[in-house]
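Below: work15.tsv (TSV, C-alpha atoms)
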chain	number	residue	atom	x	y	z
A	3	MET	CA	69.61	-89.53	36.01
A	4	GLU	CA	71.27	-87.49	33.32
A	5	GLY	CA	69.03	-84.73	31.96
A	6	ILE	CA	71.37	-83.52	29.21
A	7	PRO	CA	72.41	-86.02	26.55
A	8	HIS	CA	76.15	-86.57	26.21
A	9	PRO	CA	78.11	-88.00	23.27
A	10	ILE	CA	78.31	-91.79	23.58
A	11	PRO	CA	81.95	-92.92	23.90
A	12	ARG	CA	82.92	-95.58	21.37
A	13	THR	CA	86.72	-95.95	21.63
A	14	VAL	CA	88.99	-96.85	24.55
A	15	GLU	CA	90.18	-93.26	24.79
A	16	GLU	CA	86.63	-91.89	24.71
A	17	VAL	CA	85.42	-94.35	27.35
A	18	PHE	CA	88.37	-93.47	29.58
A	19	SER	CA	87.69	-89.75	29.11
A	20	ASP	CA	84.06	-90.38	30.10
A	21	PHE	CA	85.29	-92.33	33.14
A	22	GLN	CA	87.59	-89.48	34.19
A	23	GLY	CA	84.81	-86.89	33.93
A	24	ARG	CA	82.36	-88.95	35.98
A	25	ARG	CA	85.07	-89.78	38.52
A	26	ALA	CA	86.01	-86.11	38.96
A	27	GLY	CA	82.36	-85.21	39.57
A	28	LEU	CA	81.92	-87.94	42.18
A	29	ILE	CA	85.11	-86.90	43.98
A	30	LYS	CA	83.82	-83.32	44.14
A	31	ALA	CA	80.57	-84.51	45.69
A	32	LEU	CA	82.38	-86.47	48.39
A	33	THR	CA	85.12	-83.91	49.16
A	34	THR	CA	84.89	-80.23	48.19
A	35	ASP	CA	81.07	-80.25	47.80
A	36	VAL	CA	80.45	-82.63	50.68
A	37	GLU	CA	78.21	-80.27	52.69
A	38	LYS	CA	75.95	-79.69	49.70
A	39	PHE	CA	75.92	-83.41	48.97
A	40	TYR	CA	75.06	-84.22	52.59
A	41	GLN	CA	72.11	-81.82	52.57
A	42	GLN	CA	70.71	-83.26	49.35
A	43	CYS	CA	70.74	-86.82	50.75
A	44	ASP	CA	67.74	-86.28	53.01
A	45	PRO	CA	66.64	-89.62	54.54
A	46	GLU	CA	63.04	-88.41	54.41
A	47	LYS	CA	63.10	-88.41	50.61
A	48	GLU	CA	62.63	-91.40	48.33
A	49	ASN	CA	65.44	-93.69	47.14
A	50	LEU	CA	68.22	-91.42	45.89
A	51	CYS	CA	71.32	-92.12	43.80
A	52	LEU	CA	74.58	-90.22	43.32
A	53	TYR	CA	75.42	-89.72	39.64
A	54	GLY	CA	78.75	-88.60	38.25
A	55	LEU	CA	78.50	-86.84	34.90
A	56	PRO	CA	81.05	-86.75	32.06
A	57	THR	CA	81.21	-82.96	32.54
A	58	GLU	CA	83.01	-83.40	35.90
A	59	THR	CA	79.82	-82.53	37.78
A	60	TRP	CA	77.49	-84.57	39.99
A	61	GLU	CA	73.87	-84.78	40.97
A	62	VAL	CA	71.72	-86.57	43.52
A	63	ASN	CA	68.51	-87.76	41.91
A	64	LEU	CA	65.92	-90.49	41.72
A	65	PRO	CA	66.80	-93.54	39.62
A	66	VAL	CA	65.59	-93.67	36.04
A	67	GLU	CA	62.16	-95.18	35.49
A	68	GLU	CA	62.93	-97.12	32.32
A	69	VAL	CA	63.67	-100.84	32.69
A	70	PRO	CA	66.28	-101.87	31.80
A	71	PRO	CA	68.06	-98.52	32.14
A	72	GLU	CA	70.17	-97.09	29.32
A	73	LEU	CA	73.25	-97.22	31.59
A	74	PRO	CA	74.02	-99.23	34.75
A	75	GLU	CA	72.50	-97.52	37.77
A	76	PRO	CA	74.50	-96.42	40.87
A	77	ALA	CA	73.67	-97.65	44.38
A	78	LEU	CA	70.06	-97.01	45.30
A	79	GLY	CA	68.94	-95.37	48.55
A	80	ILE	CA	72.22	-93.86	49.71
A	81	ASN	CA	70.24	-91.25	51.68
A	82	PHE	CA	68.64	-93.82	53.99
A	83	ALA	CA	71.95	-94.71	55.67
A	84	ARG	CA	73.12	-91.11	56.14
A	85	ASP	CA	71.96	-90.57	59.72
A	86	GLY	CA	72.55	-94.14	60.87
A	87	MET	CA	76.35	-94.06	60.39
A	88	GLN	CA	79.25	-91.78	61.21
A	89	ASP	CA	79.79	-89.25	58.42
A	90	LYS	CA	83.19	-90.64	57.37
A	91	ASP	CA	81.87	-94.21	57.28
A	92	TRP	CA	78.86	-93.18	55.23
A	93	LEU	CA	81.00	-91.24	52.75
A	94	SER	CA	83.40	-94.20	52.49
A	95	LEU	CA	80.48	-96.52	51.73
A	96	VAL	CA	79.17	-94.19	49.02
A	97	ALA	CA	82.72	-93.95	47.61
A	98	VAL	CA	83.03	-97.75	47.34
A	99	HIS	CA	79.71	-98.02	45.52
A	100	SER	CA	80.70	-95.12	43.26
A	101	ASP	CA	83.91	-96.95	42.28
A	102	SER	CA	81.88	-100.03	41.39
A	103	TRP	CA	79.43	-97.97	39.35
A	104	LEU	CA	82.21	-96.25	37.38
A	105	LEU	CA	83.68	-99.62	36.38
A	106	ALA	CA	80.25	-100.92	35.44
A	107	VAL	CA	79.58	-97.93	33.16
A	108	ALA	CA	83.02	-98.09	31.52
A	109	PHE	CA	82.80	-101.79	30.74
A	110	TYR	CA	79.17	-101.46	29.68
A	111	PHE	CA	80.41	-99.18	26.90
A	112	GLY	CA	83.17	-101.67	26.15
A	113	ALA	CA	80.68	-104.52	25.79
A	114	ARG	CA	78.21	-102.43	23.82
A	115	PHE	CA	80.76	-101.42	21.22
A	116	GLY	CA	82.53	-104.76	21.00
A	117	PHE	CA	85.85	-104.10	22.72
A	118	GLY	CA	88.19	-107.04	22.24
A	119	LYS	CA	90.54	-108.56	24.81
A	120	ASN	CA	93.35	-106.08	24.12
A	121	GLU	CA	91.02	-103.08	24.23
A	122	ARG	CA	89.48	-104.18	27.52
A	123	LYS	CA	92.94	-104.75	28.95
A	124	ARG	CA	94.10	-101.30	27.84
A	125	LEU	CA	90.97	-99.68	29.29
A	126	PHE	CA	91.45	-101.40	32.63
A	127	HIS	CA	95.14	-100.43	32.69
A	128	LEU	CA	94.25	-96.75	32.16
A	129	ILE	CA	91.61	-96.89	34.90
A	130	ASN	CA	93.86	-98.80	37.28
A	131	GLU	CA	96.54	-96.10	37.10
A	132	LEU	CA	94.17	-93.71	38.91
A	133	PRO	CA	93.48	-93.85	42.65
A	134	THR	CA	89.98	-95.10	43.45
A	135	ILE	CA	87.38	-92.69	44.79
A	136	PHE	CA	87.50	-94.62	48.07
A	137	GLU	CA	91.27	-94.06	48.31
A	138	VAL	CA	90.85	-90.34	47.63
A	139	VAL	CA	88.01	-89.89	50.13
A	140	THR	CA	89.72	-91.85	52.92
A	141	GLY	CA	93.21	-90.52	52.16
A	142	ASN	CA	94.47	-94.08	51.76
A	143	ILE	CA	96.15	-93.69	48.37
A	144	LYS	CA	98.57	-96.57	47.79
A	145	GLN	CA	101.91	-96.08	46.10
A	146	PRO	CA	102.56	-97.84	42.79
A	147	LYS	CA	104.51	-101.06	43.22
A	148	ASP	CA	107.60	-99.75	41.46
A	149	GLN	CA	107.68	-96.67	43.68
A	150	SER	CA	107.20	-98.75	46.81
A	151	ALA	CA	110.03	-101.02	45.75
A	152	ALA	CA	112.29	-98.03	45.19
A	153	ASN	CA	111.45	-96.69	48.65
A	154	ASN	CA	112.15	-100.08	50.19
A	155	ASN	CA	115.51	-100.27	48.46
A	156	SER	CA	116.49	-96.81	49.67
A	157	SER	CA	115.43	-97.60	53.23
A	158	ARG	CA	117.47	-100.81	53.14
A	159	SER	CA	120.59	-98.93	52.08
A	160	LYS	CA	120.14	-96.42	54.92
A	161	SER	CA	119.42	-99.00	57.61
A	162	SER	CA	122.16	-100.52	59.72
A	163	GLY	CA	123.35	-104.08	59.12
A	164	LYS	CA	122.23	-105.24	62.54
A	165	SER	CA	118.56	-104.59	61.77
A	166	ARG	CA	118.62	-107.12	58.91
A	167	PRO	CA	120.33	-110.21	60.40
A	168	SER	CA	118.34	-112.79	58.45
A	169	GLU	CA	120.80	-113.24	55.60
A	170	LYS	CA	123.72	-115.68	55.84
A	171	GLU	CA	126.30	-112.98	55.30
A	172	ALA	CA	124.96	-111.12	58.35
A	173	LYS	CA	125.43	-114.09	60.70
A	174	PRO	CA	128.86	-112.98	61.98
A	175	VAL	CA	127.28	-109.67	63.05
A	176	LYS	CA	124.22	-111.11	64.76
A	177	MET	CA	126.22	-113.89	66.42
A	178	SER	CA	128.27	-111.37	68.37
A	179	PRO	CA	126.47	-110.14	71.50
A	180	PRO	CA	126.66	-106.34	71.88
A	181	PRO	CA	129.79	-105.51	73.96
A	182	LYS	CA	127.93	-103.37	76.48
A	183	GLU	CA	125.56	-106.21	77.37
A	184	GLU	CA	128.35	-108.24	78.97
A	185	ASP	CA	131.17	-107.12	81.26
A	186	GLU	CA	133.31	-110.10	80.27
A	187	SER	CA	136.94	-110.27	79.29
A	188	GLY	CA	138.00	-110.55	75.65
A	189	ASP	CA	138.71	-114.28	76.01
A	190	GLU	CA	135.27	-114.93	77.44
A	191	GLU	CA	133.67	-112.94	74.61
A	192	GLU	CA	135.35	-115.18	72.09
A	193	ASP	CA	134.09	-118.28	73.92
A	194	ASP	CA	130.53	-116.93	73.96
A	195	GLU	CA	130.55	-115.69	70.40
A	196	GLN	CA	128.82	-118.85	69.21
A	197	GLY	CA	126.35	-118.78	72.13
A	198	ALA	CA	124.47	-115.49	71.73
A	199	THR	CA	121.14	-115.71	73.55
A	200	CYS	CA	117.70	-114.29	72.78
A	201	GLY	CA	116.63	-111.40	75.02
A	202	ALA	CA	113.13	-112.87	75.24
A	203	CYS	CA	113.45	-116.64	75.65
A	204	GLY	CA	117.12	-116.92	76.64
A	205	GLU	CA	117.82	-119.64	74.09
A	206	SER	CA	120.90	-119.65	71.90
A	207	TYR	CA	121.09	-118.82	68.22
A	208	GLY	CA	120.10	-121.60	65.82
A	209	GLY	CA	121.60	-122.09	62.35
A	210	ASP	CA	118.66	-120.99	60.18
A	211	GLU	CA	116.74	-118.77	62.58
A	212	PHE	CA	115.88	-115.13	61.92
A	213	TRP	CA	117.08	-112.66	64.54
A	214	ILE	CA	116.53	-108.92	64.96
A	215	CYS	CA	118.37	-106.39	67.13
A	216	CYS	CA	116.67	-103.68	69.19
A	217	ASP	CA	118.02	-100.28	68.15
A	218	ILE	CA	117.47	-98.94	71.68
A	219	CYS	CA	118.94	-101.55	74.05
A	220	GLU	CA	120.92	-103.40	71.33
A	221	ARG	CA	119.79	-106.82	72.50
A	222	TRP	CA	119.10	-109.59	69.98
A	223	PHE	CA	115.81	-111.48	69.73
A	224	HIS	CA	114.44	-114.45	67.83
A	225	GLY	CA	112.01	-113.06	65.28
A	226	LYS	CA	109.38	-115.58	66.42
A	227	CYS	CA	109.74	-114.44	70.06
A	228	VAL	CA	108.88	-110.82	69.22
A	229	LYS	CA	106.50	-111.70	66.36
A	230	ILE	CA	108.65	-110.08	63.66
A	231	THR	CA	109.08	-111.85	60.33
A	232	PRO	CA	111.81	-111.06	57.78
A	233	ALA	CA	109.11	-109.49	55.59
A	234	LYS	CA	107.99	-107.18	58.41
A	235	ALA	CA	111.58	-106.28	59.22
A	236	GLU	CA	112.03	-104.92	55.69
A	237	HIS	CA	109.60	-102.10	56.56
A	238	ILE	CA	110.93	-101.25	60.03
A	239	LYS	CA	113.21	-98.22	60.08
A	240	GLN	CA	114.02	-98.44	63.81
A	241	TYR	CA	113.12	-101.55	65.78
A	242	LYS	CA	112.23	-101.29	69.47
A	243	CYS	CA	111.82	-104.49	71.44
A	244	PRO	CA	108.70	-104.98	73.62
A	245	GLY	CA	110.62	-103.99	76.74
A	246	CYS	CA	111.86	-100.69	75.30
A	247	SER	CA	108.46	-99.96	73.78
A	248	SER	CA	106.71	-100.37	77.15
A	249	LYS	CA	109.30	-98.20	78.89
A	250	ARG	CA	108.72	-95.43	76.39
A	251	ALA	CA	104.95	-95.74	76.80
A	252	ARG	CA	105.22	-95.39	80.59
A	253	VAL	CA	107.30	-92.22	80.22
Before anything else, please render the file you have as structure tokens.
Amino acid sequence: MEGIPHPIPRTVEEVFSDFQGRRAGLIKALTTDVEKFYQQCDPEKENLCLYGLPTETWEVNLPVEEVPPELPEPALGINFARDGMQDKDWLSLVAVHSDSWLLAVAFYFGARFGFGKNERKRLFHLINELPTIFEVVTGNIKQPKDQSAANNNSSRSKSSGKSRPSEKEAKPVKMSPPPKEEDESGDEEEDDEQGATCGACGESYGGDEFWICCDICERWFHGKCVKITPAKAEHIKQYKCPGCSSKRARV
């Protein structure tokens, strides 16, 4: 419930500014002002709502009495669940509902003032560039796709060739068993070069199969045997096979 009237946003920029102010207030309630917020959400009181205001402030109050309300209303009765959940889970739940409410208010203004397709798209793009309240509260802020791609590219360039043996050009590397695994003569190594075996199932390399090498014991494994897909391998900086992982855990 907003006691002080605020200018009604009518353009994309004004609606986004309103969104930012309300969002900042809600984040304060769930982070820096969390103790005060917790105390105000007394389960013994009536149905309470958390409101974010355009002035970057917040308030816990009863819902408005008018029907239908002037603006979409936030989640009702957030105080009732406070003592029945762990604090972090309760705050996460309130954060999710707060994100939904912010979007509802922003697009309510868009509908009220006749935003067209391009204006709605631009408004959503501006909003989508910001982390959600849930991401801020839980600390689970995701990187933008372009930044993640850049990080993946840099990690690929730093990683050794043997940790990415799925590509055809890497086959000569993955087909050669690590020298220290076998105490065989050079002639025998050449004979066995086309018969590298998986450290898990013992079967030989197949033409189109994905393999991965353990960076600890330097043994090769079928991806399917150790439940590693090429997509997962792209995000592994140092791969440890199940055997090496269990040894480390026992130590």
Give one line per residue of range 67-116 of chain A that approaches range 45-59 of chain A to at most 6 Å, naming the two atoms of the closest pair and their distance in Å to one decimal, counting all atoms listed in the file; sort by chain then ascending residue number and deliver it as a Markdown table.
| residue | atom | partner | partner_atom | distance |
| --- | --- | --- | --- | --- |
| A:Leu78 | CA | A:Cys51 | CA | 5.3 |
| A:Gly79 | CA | A:Asn49 | CA | 4.1 |
| A:Asn81 | CA | A:Pro45 | CA | 4.9 |
| A:Phe82 | CA | A:Pro45 | CA | 4.7 |
Only C-alpha atoms, please: the residues just picked out, written as a PDB file, keeping the file's coordinate frame.
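selection.pdb, written as the output of this step:
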ATOM      1  CA  LEU A  78      70.060 -97.010  45.300  1.00  0.00           C
ATOM      2  CA  GLY A  79      68.940 -95.370  48.550  1.00  0.00           C
ATOM      3  CA  ASN A  81      70.240 -91.250  51.680  1.00  0.00           C
ATOM      4  CA  PHE A  82      68.640 -93.820  53.990  1.00  0.00           C
TER       5      PHE A  82
END
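Each of A:Thr134, A:Gln22, A:Asn120, A:Gln42 was checked against Ser102 in chain A using only C-alpha atoms; the smallest atom-to-atom distance is that of A:Thr134.
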Top pick for closest residue to Val36 in chain A, considering A:Glu67, A:Glu72, A:Asp89, A:Glu16 and counting all atoms listed in the file: A:Asp89
Return the single residue from A:Lys229, A:Arg84, A:Lys239, A:His224 that is closest to Gly208 in chain A, with distances computed using only C-alpha atoms.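 For Gly208 in chain A, the nearest of the given residues is A:His224.
You can rank A:Arg25, A:Lys242, A:Lys90, A:His237 by their closest distance to Ile218 in chain A using all atoms listed in the file, and at the top of that list sits A:Lys242.
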A:Cys203, A:Ile129, A:Ala108, A:Val228: which is nearest Cys215 in chain A, counting all atoms listed in the file?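 Ranked by minimum distance to Cys215 in chain A, first place goes to A:Val228.
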I need the residue nearest Val14 in chain A from this list: A:Glu211, A:Glu121, A:Glu236, A:Glu137. Use all atoms listed in the file for the distance. A:Glu121
Quick check, in Å to one decimal: how far apart do CA of Pro76 in chain A and CA of Thr33 in chain A lie?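 Atom-to-atom, CA of Pro76 in chain A to CA of Thr33 in chain A, that is 18.4 Å.
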Give me the residues near Phe117 in chain A as a VMD selection string, where near means some atom within 12 Å (using only C-alpha atoms) and where sequence neighbours in that chain fewer than 4 positions away do not count. chain A and resid 11 to 15 17 108 to 113 121 to 126
Please report the interatomic distance between CA of His99 in chain A and CA of Ile80 in chain A in Å with one decimal. 9.5 Å
Between CA of Gly27 in chain A and CA of Gly86 in chain A - distance in Å to one decimal: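 Going from CA of Gly86 in chain A over to CA of Gly27 in chain A covers 25.1 Å.
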I want to know what sits within 9 Å of Phe223 in chain A, based on all atoms listed in the file, with residues of the same chain fewer than 6 positions away left out; could you give that as a VMD selection string? chain A and resid 199 to 204 212 to 216 243
